[in-house]
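To start, the structure under review is shown below, and the notes come after it.
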Amino acid sequence: MLPINNGKERIHQPNNNKMLSKQEIKAIESWVFKMWKYRFYKTPRQMASVASKTLKFKYKMIGNGLNRVVYDLNNGYILKIALSELGLISNANEASIYNNCKEEVRKYLCPIKEHGTGWIIMKKVDTKVSNPIKEYTKLIKLDLKFLRYGIIPIDLRLDNVGFTENNEMVVIDYGLFTMNLINPVLRWLVL
Ligand SMILES: Nc1ncnc2c1ncn2[C@@H]1O[C@H](COP(=O)(O)OP(=O)(O)O)[C@@H](O)[C@H]1O
Ligand SMILES: [Mg+2]
């Protein structure tokens, strides 16, 4: 089941995670509970700013997309926090895909370390694309590889990939990927 509560009640999970403190996890849960009231009138950038004021984390914010704000944990990992319903789904989906996909494609997914309600911790990689034409060719090959192993790589583009120390391309945003057609992302897109 997805850890989504539609903002109706607070969910407190036991803290089996090691990278975030109990207080930090509580702050994220409280943000997830609050974020619903802003969702119709704030842009993703404004949402990221409200989230950061609410969370008051010591970490540096290194980016945001349409659905998540990203902090550098300064230990080789980054923390993604949901800014929207799709952000919640994306975090849960990334954890599920990383843990359930075939070995042959897992190496192309940026590794997930820990996750909980509204957040996920992922390895930090270099996101600079130095040669877009060359990388675009790699991206198309990657697209085909995912399809061959039963994953539909929705929203796979250069903005959503990074590079390991060995310069291997890995996907950093696979929140919208799907392994089956009754997946919550597709349900959300269709309904
Ligand atoms: N694993 C990562 N390593 C380094 N930077 C990252 C990583 N994941 C995300 N980022 C940064 O955060 C930004 C937003 O993350 P992303 O997962 O694409 O969020 P969204 O789901 O909102 O699009 C990325 O464009 C990138 O700059
Ligand atoms: Mg993205």
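Naming scheme: A, B, ... for chains in displayed order of the structure tokens; residues 1 onward per chain; ligands 1 onward as shown.
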If we count only C-alpha atoms and set the cut-off at 12 Å, which residues sit around Asn160 of chain A, ignoring sequence neighbours fewer than 5 positions away in its own chain? Please answer as a list in words.
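In the requested format, the answer is Gly63, Asn64, Gly65, Leu66, Leu109, Cys110, Val125, Asp126, Thr127, Lys128, Val129, Tyr136, Leu139, Pro153, Ile154, Asp155, Met169, Val170, Val171, Ile172, Asp173, Tyr174, Gly175, Leu176 and Phe177 of chain A.
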Output C-alpha atoms for every residue in that selection, as a JSON list (two decimals), in the first residue's frame.
```json
[["chain", "number", "residue", "atom", "x", "y", "z"],
["A", 63, "GLY", "CA", 16.85, 21.94, -6.18],
["A", 64, "ASN", "CA", 13.22, 21.32, -6.78],
["A", 65, "GLY", "CA", 11.06, 19.95, -9.56],
["A", 66, "LEU", "CA", 7.31, 20.27, -9.95],
["A", 109, "LEU", "CA", 18.40, 3.72, -11.20],
["A", 110, "CYS", "CA", 19.98, 6.05, -8.67],
["A", 125, "VAL", "CA", 25.13, 12.09, -8.12],
["A", 126, "ASP", "CA", 26.53, 14.67, -10.51],
["A", 127, "THR", "CA", 23.67, 16.22, -12.50],
["A", 128, "LYS", "CA", 25.76, 18.25, -14.97],
["A", 129, "VAL", "CA", 25.18, 17.20, -18.57],
["A", 136, "TYR", "CA", 20.81, 12.10, -25.49],
["A", 139, "LEU", "CA", 19.15, 8.31, -22.95],
["A", 153, "PRO", "CA", 9.97, 5.15, -18.31],
["A", 154, "ILE", "CA", 7.48, 8.03, -18.14],
["A", 155, "ASP", "CA", 9.18, 11.48, -18.04],
["A", 169, "MET", "CA", 24.13, 7.50, -16.59],
["A", 170, "VAL", "CA", 21.54, 6.81, -13.85],
["A", 171, "VAL", "CA", 17.95, 8.05, -13.51],
["A", 172, "ILE", "CA", 17.49, 10.40, -10.52],
["A", 173, "ASP", "CA", 13.76, 11.01, -11.04],
["A", 174, "TYR", "CA", 11.86, 7.80, -11.74],
["A", 175, "GLY", "CA", 8.84, 8.76, -9.68],
["A", 176, "LEU", "CA", 6.55, 8.49, -12.70],
["A", 177, "PHE", "CA", 7.98, 5.23, -14.07]]
```
As a compact mmCIF listing (two decimals) with C-alpha atoms, in the first residue's frame, please: the residues near Thr54 of chain A (cut-off 10 Å, only C-alpha atoms, same-chain neighbours under 4 positions excluded).
```
# COMPACT_ATOMS: atom_id res chain seq x y z
CA ALA A 27 8.71 17.92 10.75
CA ILE A 28 8.26 16.23 7.35
CA SER A 30 3.73 17.83 9.72
CA TRP A 31 4.63 19.52 6.39
CA LYS A 34 -0.06 21.09 5.93
CA MET A 35 0.90 21.18 2.26
CA ALA A 48 9.47 24.72 -2.03
CA SER A 49 9.99 28.03 -0.22
CA VAL A 50 7.00 27.47 2.13
```
For Val161 of chain A, which residue among A:Tyr108, A:Ala92, A:Lys18, A:Gly76 is the nearest when counting only C-alpha atoms?
A:Tyr108
Rank nothing, just name the residue among A:Ser21, A:Asn99, A:Thr117, A:Asn75 nearest to ligand 1, using only C-alpha atoms and all ligand atoms.
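Using only C-alpha atoms and all ligand atoms, ligand 1 sits closest to A:Asn75.
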Could you give me the residues within segment 1-166 of chain A that DSSP places in strand (DSSP E), as a ChimeraX atom specification?
/A:60-64,68-72,77-82,112-116,119-123,161-163
Every residue of segment 1-183 of chain A that DSSP places in alpha helix (DSSP H), as JSON, numbers by chain:
{"A": [22, 23, 24, 25, 26, 27, 28, 29, 30, 31, 32, 33, 34, 44, 45, 46, 47, 48, 49, 50, 51, 52, 53, 54, 55, 85, 86, 87, 88, 89, 90, 91, 92, 93, 94, 95, 96, 97, 98, 99, 100, 103, 104, 105, 106, 132, 133, 134, 135, 136, 137, 138, 139, 140, 141, 142, 143, 144, 145, 146, 147, 148]}
I'd like the neighbourhood of Ile97 of chain A as a PyMOL selection string, where a residue qualifies if any of its atoms comes within 8 Å (using only C-alpha atoms), though same-chain residues fewer than 4 positions away should be ignored.
chain A and resi 93+101+177-179
Taking only C-alpha atoms into account, name the residue in A:Lys102, A:Arg39, A:Lys134, A:Arg45 that is nearest to Gly150 of chain A.
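Of A:Lys102, A:Arg39, A:Lys134, A:Arg45, the one nearest Gly150 of chain A, counting only C-alpha atoms, is A:Lys102.
Comparing A:Lys56, A:Lys124, A:His115, A:Lys22 by their smallest distance to ligand 1, the closest is A:Lys124 (using only C-alpha atoms and all ligand atoms).
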Considering only C-alpha atoms, state which residue in the set A:Arg68, A:Lys58, A:Arg106, A:Lys37 is at the smallest distance from Tyr149 of chain A.
A:Arg106
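Closest approach to ligand 2 among A:Asn91, A:Asn100, A:Thr43, A:Gln23: A:Asn91, based on only C-alpha atoms and all ligand atoms.
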Separation of atom 12 (O, counted along the ligand's line) of ligand 1 from atom CA of Tyr71 of chain A, in Å and rounded to one decimal:
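Here the two named atoms are 7.9 Å from each other.
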